[in-house]
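Student: Can you read through this structure? Questions will come right after.
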Amino acid sequence: MALTRLIVTAPRPPCALRLPFPSYYMIPRCCRHRGRRHFRGAMPAASQRLSAVAFTPPPGEQGMAQLEHGSLLVGGRELLARAPPNVTLRHAGVAAPGGAFLGATAAAPSSRHVFSVGTMASGWRWLALFRFKIWWMVPATGAGAAAVPAETQMLLLESKSETGSAAAAEGGAVYALMLPVPDGGFRASLQGSPENELHFCIESGDPGVQTMEAVDAVFISSGDNPFKLMKESIKIVSKIKGTFSHIEDKEIPSNLDWFGWCTWDAFYKDVNPRGIEEGLQSLREGGVPPGFLIIDDGWQETVDEIKEVDETLREQTVFAQRLTDLKENHKFRGETCKNLEDLVKKIKEKHGVKYVYMWHALLGYWGGVLATSDAMKKYNPKLVYPVQSPGNVANLRDIAMDSLEKFGVGIIDPDKIYEFYNDQHSYLSSVGVDGVKVDVQNVLETLGHGFGGRVAVTQKYQHALEESISQNFKRNNIICCMSHNSDCIFSALKSAVARASEDFMPREPTLQTLHITSVAFNSILLGEIFIPDWDMFHSKHESAEFHGAARALSGGGVYVSDKPGVHDFSILKKLVLPDGSILRARYAGRPTCDCLFTDPVMDGKSLLKIWNLNNFSGVIGVFNCQGAGQWVWPLKETAYVPTNMNITGQLSPSDVESLEEVAGDNWNGETAIYAFNSCSLSRIQKHQSLEVSLSTMTCEIYSISPIKMFSEFVQFAPLGLINMFNSGGALESISSTADSSATTVHIRCRGPGRFGAYSASRPELCRVDEQEVEFSYTEDGLLAFDLLPPGSSQDNLRHVEIVYRAS
């Protein structure tokens with residue numbers, strides 16, 4: 001339960017928190033020095049391009065990055081000092097005012113280079129998104145370059161002016177973004193060094209693809225708002241590179257608006273038709289019918305070739321199993337159902353599921369395909385052995401990659417990969433399947449040898465996959481998973497949904513807070529390219545309320561992996577309407593500005609605040625993630641003992657970015673804030689604050705609705721369905737009519753549920769679908785009444801009228 005009280009404060013600039021200490025403990029990073037073995041091979045065209053060693057912006061554009069005398073200035077402030085003379089800066093062009101690319105030159109060609117770009121200037125603190133293991137990113141915060149982790153794929157920095165300076169009087173904060181991006185056939189990443197130098201690494205993943213020069217390896221831009229900076233930068237880079245698209249330019253799959261169920265944690269690989277039907281039936285009978293189903297791993301025809309191994313390696317061989325056929329295995333052909341087509345038809349007709357997705361790996365299965373299988377020979381497969389980059393193993397090794405390195409991967413000929421995907425997806429589509437979840441995508445980065453490098457082979461596979469999706473499924477129905485390397489991220493031309501973090505792990509109590517923090521921070525980057533998928537969770541679990549509240553703010557899908565009959569419907573009904581639809585927010589849920597450079601898991605003082613927008617209101621979830629987990633790479637063998645901590649922080653309407661976007665014209669800054677758990681309502685100005693106190697693993701959700709004047713005497717702010725986590729997601733439209741005798745507020749709201757609004761005065765009457773209803777009205781201005789389930793109509797959109805008589 002949250003304890004909330006009003007704190008009246010003066011208007012404050014965003015992100016005014018003290019600099020935190022670095023929050024990660026890393027094992028020593030390898031490959032930081034420039035001495036490299038050089039391989040012979042053709043140099044790509046990128047190595048023949050020229051770039052300026054220093055760039056001076058034209059008059060009137062002094063805000064853009066400048067490199068002069070070894071000093072990199074960003075937003076008028078020094079970011080890097082003592083840059084070596086081989087470092088280059090190239091302006092991104094007229095389409096990217098203020099944007100530039102860092103590069104560097106080497107003495108000899110190689111497939112992998114590590115370049116120093118100088119030491120980080122004082123006064124900057126940073127947020128890094130880095131890969132703690134090959135498949136997944138997590139956040140880290142700190143100051144100084146030494147603590148920047150290997151495999152950093154986004155570095156967001158903040159510099160605040162000293163009190164009393166001219167810059168401070170104008171707002172103070174400058175944000176810089178350093179975004180490593182593909183450069184021709186090379187992929188880039190950032191890392192620190194013990195000497196406080198910031199390095200960037202470029203690598204092709206193929207000894208035959210070499211260069212002496214990085215030209216456009218790290219995109220740099222700056223601004224006064226970190227979220228706008230990220231959005232604008234991703235749009236610019238997408239246009240320059242042409243290999244991926246911003247989320248606004250993609251088709252969004254419609255299954256995201258429906259509650260889902262995934263078979264993975266319910267059955268793991270023992271998934272079967274009877275269990276699938278039992279799970280759907282139990283959820284439907286409980287009043288939360290899934291409109292979306294993922295049949296996860298366990299439905300395919302695979303084989304384990306590895307027979308003679310030591311028992312200590314048996315656990316690894318599961319990742320070396322290979323695909324032998326494109327059709328379903330024997331479990332889906334028998335008495336329970338004739339075949340996959342029969343099962344999908346029954347799922348849709350009997351259980352009302354609208355969208356059925358099937359799981360498969362990017363290479364067919366974890367270990368790829370069986371090269372000797374009759375069904376696979378047409379795709380020219382061959383067995384290859386992954387080679388991991390030094391960056392992959394700098395933080396935390398992964399058992400799956402250890403297995404694949406030992407036993408190999410059956411890879412499809414890149415020239416045949418579209419045919420492979422098209423054959424598989426056309427079969428699935430023919431039996432009624434609507435889309436696919438494509439897993440194990442990052443493995444391609446280890447298989448670039450002989451295929452033109454990791455970037456080239458990833459783009460070929462990814463674009464073939466997307467073309468097959470568009471040809472075989474009605475919508476852009478794909479979920480990308482285990483795809484957090486920048487090779488995949490910056491190859492997503494069409495794919496619009498991607499998993500945002502490591503799996504939800506129901507048996508690992510110390511990973512729950514890490515999961516919530518990771519998905520929120522990773523969405524800063526991923527949310528500009530994909531709808532981030534925050535993964536399934538269990539509704540009957542000690543962390544269910546925590547996870548459910550977070551999913552309501554995610555802006556992505558909401559789905560569970562409950563075992564059949566094991567559900568907590570009290571939690572699910574805060575997320576799901578009776579027709580199976582969900583109240584999805586407009587954007588990717590992300591940490592509020594004042595959380596960006598804190599550690600909400602381990603610093604012992606910071607709450608995690610996640611913001612989003614609905615059509616007419618904002619929403620903020622506040623989570624106490626302290627004391628229940630720890631960031632340590634590699635993981636320590638000693639058990640971690642959770643500690644209960646009560647943390648107090650502040651929440652303000654100004655924490656919601658772009659609240660003016662939904663407030664409309666003539667808004668005076670006043671808001672109504674409704675706290676979901678405490679059912680309390682407050683009226684405060686945009687820059688005022690509420691004090692929030694939470695104990696470990698508890699949360700509170702605040703709906704923040706701008707108060708509008710609908711006439712001289714009507715001050716009103718709709719809240720939506722206050723029995724739902726994301727109440728404002730139910731609001732579809734709002735307008736008003738007025739004459740000399742009355743003012744009527746008209747609202748279209750989804751239901752059923754408990755409708756709530758702030759009203760400065762008591763209305764004369766309330767109507768729902770032209771029928772007058774009883775309502776309650778309290779001293780704090782909370783107006784509430786019930787939206788009953790629809791009658792014969794299946795439409796869950798209700799017409800609400802609130803009438804005020806002129807005094």
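Each chain of the structure tokens is named A, B, ... in the order shown, its residues numbered from 1; ligands are numbered from 1 in display order.
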Excluding region 371-377 of chain A and any residue of its chain fewer than 3 positions from it, enumerate the residues within 6 Å of it, using only C-alpha atoms, and give them as a list in words.
Tutor: Thr324, Asp325, Asn380, Pro381 and Lys382 of chain A
Student: Would you tabulate, counting only C-alpha atoms, all residues of region 512-619 of chain A that have an atom at most 10 Å from an atom of region 641-652 of chain A, showing the closest pair of atoms and their distance in Å to one decimal, sorted by chain then ascending number, as JSON lines?
Tutor:
```
{"residue": "A:Thr592", "atom": "CA", "partner": "A:Leu651", "partner_atom": "CA", "distance": 9.7}
{"residue": "A:Asp594", "atom": "CA", "partner": "A:Leu651", "partner_atom": "CA", "distance": 9.9}
{"residue": "A:Gly604", "atom": "CA", "partner": "A:Met645", "partner_atom": "CA", "distance": 7.8}
{"residue": "A:Lys605", "atom": "CA", "partner": "A:Ile647", "partner_atom": "CA", "distance": 6.1}
{"residue": "A:Ser606", "atom": "CA", "partner": "A:Ile647", "partner_atom": "CA", "distance": 7.1}
{"residue": "A:Leu607", "atom": "CA", "partner": "A:Gly649", "partner_atom": "CA", "distance": 6.5}
{"residue": "A:Leu608", "atom": "CA", "partner": "A:Gly649", "partner_atom": "CA", "distance": 9.5}
{"residue": "A:Lys609", "atom": "CA", "partner": "A:Leu651", "partner_atom": "CA", "distance": 8.2}
```
Student: Counting only C-alpha atoms, give me one row per residue of region 420-453 of chain A with an atom at most 9 Å from an atom of region 349-359 of chain A, showing the shortest contact pair and its distance in Å to one decimal, sorted by chain then residue number, as JSON lines.
Tutor:
```
{"residue": "A:Leu428", "atom": "CA", "partner": "A:Met358", "partner_atom": "CA", "distance": 8.2}
{"residue": "A:Gly432", "atom": "CA", "partner": "A:Val356", "partner_atom": "CA", "distance": 7.9}
{"residue": "A:Val433", "atom": "CA", "partner": "A:Val356", "partner_atom": "CA", "distance": 5.4}
{"residue": "A:Asp434", "atom": "CA", "partner": "A:Val356", "partner_atom": "CA", "distance": 5.3}
{"residue": "A:Gly435", "atom": "CA", "partner": "A:Tyr357", "partner_atom": "CA", "distance": 4.6}
{"residue": "A:Val436", "atom": "CA", "partner": "A:Tyr357", "partner_atom": "CA", "distance": 4.8}
{"residue": "A:Lys437", "atom": "CA", "partner": "A:Trp359", "partner_atom": "CA", "distance": 4.7}
{"residue": "A:Val438", "atom": "CA", "partner": "A:Trp359", "partner_atom": "CA", "distance": 6.1}
{"residue": "A:Asp439", "atom": "CA", "partner": "A:Trp359", "partner_atom": "CA", "distance": 7.3}
```
Student: For Ala588 (chain A), find every residue with an atom within 6 Å (counting only C-alpha atoms), except residues of its own chain fewer than 4 positions away, and show them as a ChimeraX atom specification.
Tutor: /A:527,554-555
Student: Which one of A:Ile722, A:Leu343, A:Ala140, A:Val745 sits closest to Thr517 (chain A) if you count only C-alpha atoms?
Tutor: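 The shortest atom-to-atom distance to Thr517 (chain A) comes from A:Ala140.
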Student: Do you have the CA of Lys346 (chain A)-CA of Glu277 (chain A) distance handy?
Tutor: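 Answer for the CA of Lys346 (chain A) to CA of Glu277 (chain A) separation: 8.8 Å.
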Student: Give me the residues near Asn255 (chain A) as a count of residues only, where near means some atom within 8 Å (using only C-alpha atoms) and where sequence neighbours in that chain fewer than 2 positions away do not count.
Tutor: 8
Student: List every residue of region 71-225 of chain A that DSSP, applied to the backbone of this structure, places in alpha helix (DSSP H), and write the result as a ChimeraX atom specification.
Tutor: /A:166-169
Student: Pick out the residues sitting within 8 Å of Ile247 (chain A), and hand them over as JSON, numbers by chain; count only C-alpha atoms, and ignore anything fewer than 5 positions along from it in its own chain.
Tutor: {"A": [496, 527, 528, 529, 530, 531]}
Student: Those same residues - all heavy atoms - I'd like them written as an mmCIF file, in the first residue's frame.
Tutor:
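Writing done, so here's part_14.cif:
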```
data_model
loop_
_atom_site.group_PDB
_atom_site.id
_atom_site.type_symbol
_atom_site.label_atom_id
_atom_site.label_comp_id
_atom_site.auth_asym_id
_atom_site.auth_seq_id
_atom_site.Cartn_x
_atom_site.Cartn_y
_atom_site.Cartn_z
ATOM 1 N N ALA A 496 7.696 -4.950 -35.790
ATOM 2 C CA ALA A 496 7.206 -3.881 -34.922
ATOM 3 C C ALA A 496 7.102 -4.266 -33.460
ATOM 4 O O ALA A 496 6.765 -3.413 -32.634
ATOM 5 C CB ALA A 496 5.833 -3.410 -35.416
ATOM 6 N N GLY A 527 11.915 1.246 -27.610
ATOM 7 C CA GLY A 527 10.594 1.809 -27.841
ATOM 8 C C GLY A 527 10.506 2.761 -29.006
ATOM 9 O O GLY A 527 9.404 3.114 -29.430
ATOM 10 N N GLU A 528 11.625 3.192 -29.547
ATOM 11 C CA GLU A 528 11.611 4.025 -30.747
ATOM 12 C C GLU A 528 11.640 3.200 -32.029
ATOM 13 O O GLU A 528 11.404 3.738 -33.116
ATOM 14 C CB GLU A 528 12.800 4.992 -30.739
ATOM 15 C CG GLU A 528 12.808 5.965 -29.573
ATOM 16 C CD GLU A 528 11.601 6.894 -29.539
ATOM 17 O OE1 GLU A 528 10.952 7.062 -30.583
ATOM 18 O OE2 GLU A 528 11.298 7.431 -28.456
ATOM 19 N N ILE A 529 11.869 1.901 -31.911
ATOM 20 C CA ILE A 529 11.963 1.034 -33.087
ATOM 21 C C ILE A 529 10.902 -0.061 -33.048
ATOM 22 O O ILE A 529 10.428 -0.527 -34.089
ATOM 23 C CB ILE A 529 13.374 0.428 -33.175
ATOM 24 C CG1 ILE A 529 14.420 1.553 -33.246
ATOM 25 C CG2 ILE A 529 13.517 -0.494 -34.383
ATOM 26 C CD1 ILE A 529 15.862 1.089 -33.132
ATOM 27 N N PHE A 530 10.496 -0.465 -31.838
ATOM 28 C CA PHE A 530 9.515 -1.536 -31.657
ATOM 29 C C PHE A 530 8.476 -1.120 -30.615
ATOM 30 O O PHE A 530 8.686 -0.180 -29.845
ATOM 31 C CB PHE A 530 10.185 -2.815 -31.134
ATOM 32 C CG PHE A 530 11.344 -3.312 -31.945
ATOM 33 C CD1 PHE A 530 12.654 -3.006 -31.573
ATOM 34 C CD2 PHE A 530 11.144 -4.108 -33.064
ATOM 35 C CE1 PHE A 530 13.734 -3.475 -32.299
ATOM 36 C CE2 PHE A 530 12.218 -4.582 -33.797
ATOM 37 C CZ PHE A 530 13.518 -4.275 -33.423
ATOM 38 N N ILE A 531 7.371 -1.872 -30.571
ATOM 39 C CA ILE A 531 6.533 -1.911 -29.379
ATOM 40 C C ILE A 531 7.217 -2.904 -28.446
ATOM 41 O O ILE A 531 7.266 -4.104 -28.747
ATOM 42 C CB ILE A 531 5.108 -2.392 -29.700
ATOM 43 C CG1 ILE A 531 4.450 -1.511 -30.759
ATOM 44 C CG2 ILE A 531 4.273 -2.439 -28.417
ATOM 45 C CD1 ILE A 531 4.150 -0.112 -30.318
#
```
Student: Any chance you could list, as an MDAnalysis selection string, the residues in region 261-456 of chain A that come up strand (DSSP E or B) when DSSP is run on the backbone?
Tutor: chainID A and resid 261:262 292:295 300:303 322:328 355:361 364 368:369 382:384 409:411 435:439
Student: Closest to Phe420 (chain A) among A:Tyr461, A:Trp261, A:Phe716, A:Phe451, using only C-alpha atoms?
Tutor: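 Of A:Tyr461, A:Trp261, A:Phe716, A:Phe451, the one nearest Phe420 (chain A) is A:Tyr461, counting only C-alpha atoms.
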Student: Which one of A:Asn272, A:Ser426, A:Asn522, A:Ser561 sits closest to Phe537 (chain A) if you count only C-alpha atoms?
Tutor: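 Ranking A:Asn272, A:Ser426, A:Asn522, A:Ser561 by distance to Phe537 (chain A), first place goes to A:Ser561.
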Student: Near Asp342 (chain A), within 9 Å and counting only C-alpha atoms, which residues show up once chain neighbours fewer than 5 positions away are dropped, as a list in words?
Tutor: Cys337, Ile347 and Val431 of chain A
Student: Create the file for the chosen residues now, containing all heavy atoms and written as a PDB file, in the first residue's frame.
Tutor:
```pdb
ATOM      1  N   CYS A 337      -6.406 -34.212 -31.319  1.00  0.00           N
ATOM      2  CA  CYS A 337      -6.656 -33.415 -32.526  1.00  0.00           C
ATOM      3  C   CYS A 337      -6.006 -34.119 -33.708  1.00  0.00           C
ATOM      4  O   CYS A 337      -4.982 -34.776 -33.560  1.00  0.00           O
ATOM      5  CB  CYS A 337      -6.144 -31.992 -32.366  1.00  0.00           C
ATOM      6  SG  CYS A 337      -4.348 -31.844 -32.277  1.00  0.00           S
ATOM      7  N   ILE A 347      -9.471 -23.993 -31.378  1.00  0.00           N
ATOM      8  CA  ILE A 347      -9.077 -22.888 -30.502  1.00  0.00           C
ATOM      9  C   ILE A 347      -9.874 -21.629 -30.824  1.00  0.00           C
ATOM     10  O   ILE A 347     -10.347 -20.917 -29.932  1.00  0.00           O
ATOM     11  CB  ILE A 347      -7.564 -22.618 -30.644  1.00  0.00           C
ATOM     12  CG1 ILE A 347      -6.756 -23.702 -29.921  1.00  0.00           C
ATOM     13  CG2 ILE A 347      -7.200 -21.241 -30.111  1.00  0.00           C
ATOM     14  CD1 ILE A 347      -5.276 -23.646 -30.233  1.00  0.00           C
ATOM     15  N   VAL A 431      -2.940 -23.446 -42.229  1.00  0.00           N
ATOM     16  CA  VAL A 431      -3.687 -24.172 -41.197  1.00  0.00           C
ATOM     17  C   VAL A 431      -4.330 -23.214 -40.191  1.00  0.00           C
ATOM     18  O   VAL A 431      -4.822 -23.656 -39.153  1.00  0.00           O
ATOM     19  CB  VAL A 431      -2.788 -25.201 -40.476  1.00  0.00           C
ATOM     20  CG1 VAL A 431      -2.240 -26.219 -41.471  1.00  0.00           C
ATOM     21  CG2 VAL A 431      -1.658 -24.529 -39.704  1.00  0.00           C
TER      22      VAL A 431
END
```
Student: Considering only C-alpha atoms, state which residue in the set A:Lys494, A:His746, A:Arg499, A:Arg754 is at the smallest distance from Ile802 (chain A).
Tutor: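 The closest residue to Ile802 (chain A) is A:His746.
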Student: Nearest residue to Val181 (chain A) out of A:Gly452, A:Gly279, A:Asp270, A:Phe490, using only C-alpha atoms?
Tutor: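 Nearest candidate to Val181 (chain A) out of A:Gly452, A:Gly279, A:Asp270, A:Phe490: A:Phe490.
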Student: Name the residues in contact with Ala145 (chain A) at a cut-off of 12 Å, using only C-alpha atoms, excluding same-chain residues fewer than 6 positions from it; report them as a PDB file with N, CA and C atoms, in the first residue's frame.
Tutor:
```
ATOM      1  N   PRO A  22      28.475   4.462  -9.510  1.00  0.00           N
ATOM      2  CA  PRO A  22      28.252   3.385 -10.473  1.00  0.00           C
ATOM      3  C   PRO A  22      27.570   2.206  -9.795  1.00  0.00           C
ATOM      4  N   LEU A  79      32.566  17.110 -23.813  1.00  0.00           N
ATOM      5  CA  LEU A  79      32.181  15.754 -23.446  1.00  0.00           C
ATOM      6  C   LEU A  79      33.400  14.844 -23.348  1.00  0.00           C
ATOM      7  N   LEU A  80      34.294  14.951 -24.316  1.00  0.00           N
ATOM      8  CA  LEU A  80      35.500  14.128 -24.333  1.00  0.00           C
ATOM      9  C   LEU A  80      36.720  15.026 -24.465  1.00  0.00           C
ATOM     10  N   ALA A  81      37.762  14.680 -23.728  1.00  0.00           N
ATOM     11  CA  ALA A  81      39.022  15.419 -23.799  1.00  0.00           C
ATOM     12  C   ALA A  81      40.125  14.477 -24.261  1.00  0.00           C
ATOM     13  N   SER A 116      40.244   4.342 -28.998  1.00  0.00           N
ATOM     14  CA  SER A 116      40.003   5.288 -27.923  1.00  0.00           C
ATOM     15  C   SER A 116      39.519   6.599 -28.524  1.00  0.00           C
ATOM     16  N   VAL A 117      38.506   7.204 -27.897  1.00  0.00           N
ATOM     17  CA  VAL A 117      38.034   8.514 -28.361  1.00  0.00           C
ATOM     18  C   VAL A 117      38.287   9.588 -27.314  1.00  0.00           C
ATOM     19  N   GLY A 118      39.080   9.260 -26.290  1.00  0.00           N
ATOM     20  CA  GLY A 118      39.451  10.245 -25.291  1.00  0.00           C
ATOM     21  C   GLY A 118      38.874   9.935 -23.925  1.00  0.00           C
ATOM     22  N   THR A 119      39.157  10.820 -22.985  1.00  0.00           N
ATOM     23  CA  THR A 119      38.651  10.670 -21.620  1.00  0.00           C
ATOM     24  C   THR A 119      37.350  11.456 -21.468  1.00  0.00           C
ATOM     25  N   MET A 120      36.485  10.978 -20.598  1.00  0.00           N
ATOM     26  CA  MET A 120      35.212  11.655 -20.396  1.00  0.00           C
ATOM     27  C   MET A 120      35.419  12.869 -19.499  1.00  0.00           C
ATOM     28  N   ALA A 121      34.921  14.002 -19.935  1.00  0.00           N
ATOM     29  CA  ALA A 121      35.058  15.236 -19.160  1.00  0.00           C
ATOM     30  C   ALA A 121      34.242  15.149 -17.877  1.00  0.00           C
ATOM     31  N   SER A 122      34.641  15.903 -16.871  1.00  0.00           N
ATOM     32  CA  SER A 122      33.921  15.904 -15.602  1.00  0.00           C
ATOM     33  C   SER A 122      32.567  16.591 -15.772  1.00  0.00           C
ATOM     34  N   GLY A 123      31.669  16.295 -14.866  1.00  0.00           N
ATOM     35  CA  GLY A 123      30.365  16.945 -14.876  1.00  0.00           C
ATOM     36  C   GLY A 123      29.285  16.185 -15.619  1.00  0.00           C
ATOM     37  N   TRP A 124      29.646  15.048 -16.206  1.00  0.00           N
ATOM     38  CA  TRP A 124      28.669  14.240 -16.930  1.00  0.00           C
ATOM     39  C   TRP A 124      28.346  12.979 -16.128  1.00  0.00           C
ATOM     40  N   ARG A 125      27.082  12.613 -16.093  1.00  0.00           N
ATOM     41  CA  ARG A 125      26.695  11.292 -15.604  1.00  0.00           C
ATOM     42  C   ARG A 125      25.987  10.563 -16.741  1.00  0.00           C
ATOM     43  N   TRP A 126      25.998   9.257 -16.691  1.00  0.00           N
ATOM     44  CA  TRP A 126      25.519   8.525 -17.859  1.00  0.00           C
ATOM     45  C   TRP A 126      24.611   7.359 -17.484  1.00  0.00           C
ATOM     46  N   LEU A 127      23.801   6.997 -18.468  1.00  0.00           N
ATOM     47  CA  LEU A 127      22.998   5.779 -18.453  1.00  0.00           C
ATOM     48  C   LEU A 127      23.424   4.957 -19.651  1.00  0.00           C
ATOM     49  N   ALA A 128      23.829   3.717 -19.402  1.00  0.00           N
ATOM     50  CA  ALA A 128      24.219   2.806 -20.477  1.00  0.00           C
ATOM     51  C   ALA A 128      23.205   1.679 -20.575  1.00  0.00           C
ATOM     52  N   THR A 152      28.205  -1.873 -24.598  1.00  0.00           N
ATOM     53  CA  THR A 152      27.221  -0.800 -24.448  1.00  0.00           C
ATOM     54  C   THR A 152      26.689  -0.411 -25.819  1.00  0.00           C
ATOM     55  N   LEU A 155      24.458   5.057 -24.979  1.00  0.00           N
ATOM     56  CA  LEU A 155      25.002   5.834 -23.868  1.00  0.00           C
ATOM     57  C   LEU A 155      24.324   7.192 -23.887  1.00  0.00           C
ATOM     58  N   LEU A 157      23.870  10.680 -21.786  1.00  0.00           N
ATOM     59  CA  LEU A 157      24.622  11.440 -20.789  1.00  0.00           C
ATOM     60  C   LEU A 157      23.893  12.734 -20.442  1.00  0.00           C
ATOM     61  N   LEU A 190      30.280   0.433 -27.516  1.00  0.00           N
ATOM     62  CA  LEU A 190      31.100   1.281 -26.658  1.00  0.00           C
ATOM     63  C   LEU A 190      31.565   0.503 -25.438  1.00  0.00           C
ATOM     64  N   GLN A 191      32.658   0.957 -24.838  1.00  0.00           N
ATOM     65  CA  GLN A 191      33.159   0.365 -23.597  1.00  0.00           C
ATOM     66  C   GLN A 191      34.161   1.328 -22.964  1.00  0.00           C
ATOM     67  N   GLY A 192      34.351   1.184 -21.654  1.00  0.00           N
ATOM     68  CA  GLY A 192      35.306   2.024 -20.954  1.00  0.00           C
ATOM     69  C   GLY A 192      36.632   1.328 -20.762  1.00  0.00           C
ATOM     70  N   SER A 193      37.577   2.032 -20.174  1.00  0.00           N
ATOM     71  CA  SER A 193      38.884   1.460 -19.865  1.00  0.00           C
ATOM     72  C   SER A 193      39.307   1.923 -18.479  1.00  0.00           C
ATOM     73  N   PRO A 194      40.217   1.199 -17.830  1.00  0.00           N
ATOM     74  CA  PRO A 194      40.670   1.623 -16.494  1.00  0.00           C
ATOM     75  C   PRO A 194      41.313   3.005 -16.486  1.00  0.00           C
ATOM     76  N   GLU A 195      41.789   3.436 -17.646  1.00  0.00           N
ATOM     77  CA  GLU A 195      42.423   4.759 -17.732  1.00  0.00           C
ATOM     78  C   GLU A 195      41.398   5.879 -17.925  1.00  0.00           C
ATOM     79  N   ASN A 196      40.108   5.567 -17.743  1.00  0.00           N
ATOM     80  CA  ASN A 196      39.011   6.523 -17.901  1.00  0.00           C
ATOM     81  C   ASN A 196      38.856   6.972 -19.348  1.00  0.00           C
ATOM     82  N   GLU A 197      39.314   6.143 -20.266  1.00  0.00           N
ATOM     83  CA  GLU A 197      39.092   6.419 -21.683  1.00  0.00           C
ATOM     84  C   GLU A 197      37.822   5.733 -22.154  1.00  0.00           C
ATOM     85  N   LEU A 198      37.110   6.411 -23.035  1.00  0.00           N
ATOM     86  CA  LEU A 198      35.959   5.792 -23.691  1.00  0.00           C
ATOM     87  C   LEU A 198      36.432   5.224 -25.011  1.00  0.00           C
ATOM     88  N   HIS A 199      36.094   3.966 -25.260  1.00  0.00           N
ATOM     89  CA  HIS A 199      36.476   3.292 -26.499  1.00  0.00           C
ATOM     90  C   HIS A 199      35.228   2.949 -27.298  1.00  0.00           C
ATOM     91  N   PHE A 200      35.397   2.888 -28.618  1.00  0.00           N
ATOM     92  CA  PHE A 200      34.380   2.197 -29.398  1.00  0.00           C
ATOM     93  C   PHE A 200      35.046   1.084 -30.184  1.00  0.00           C
TER      94      PHE A 200
END
```
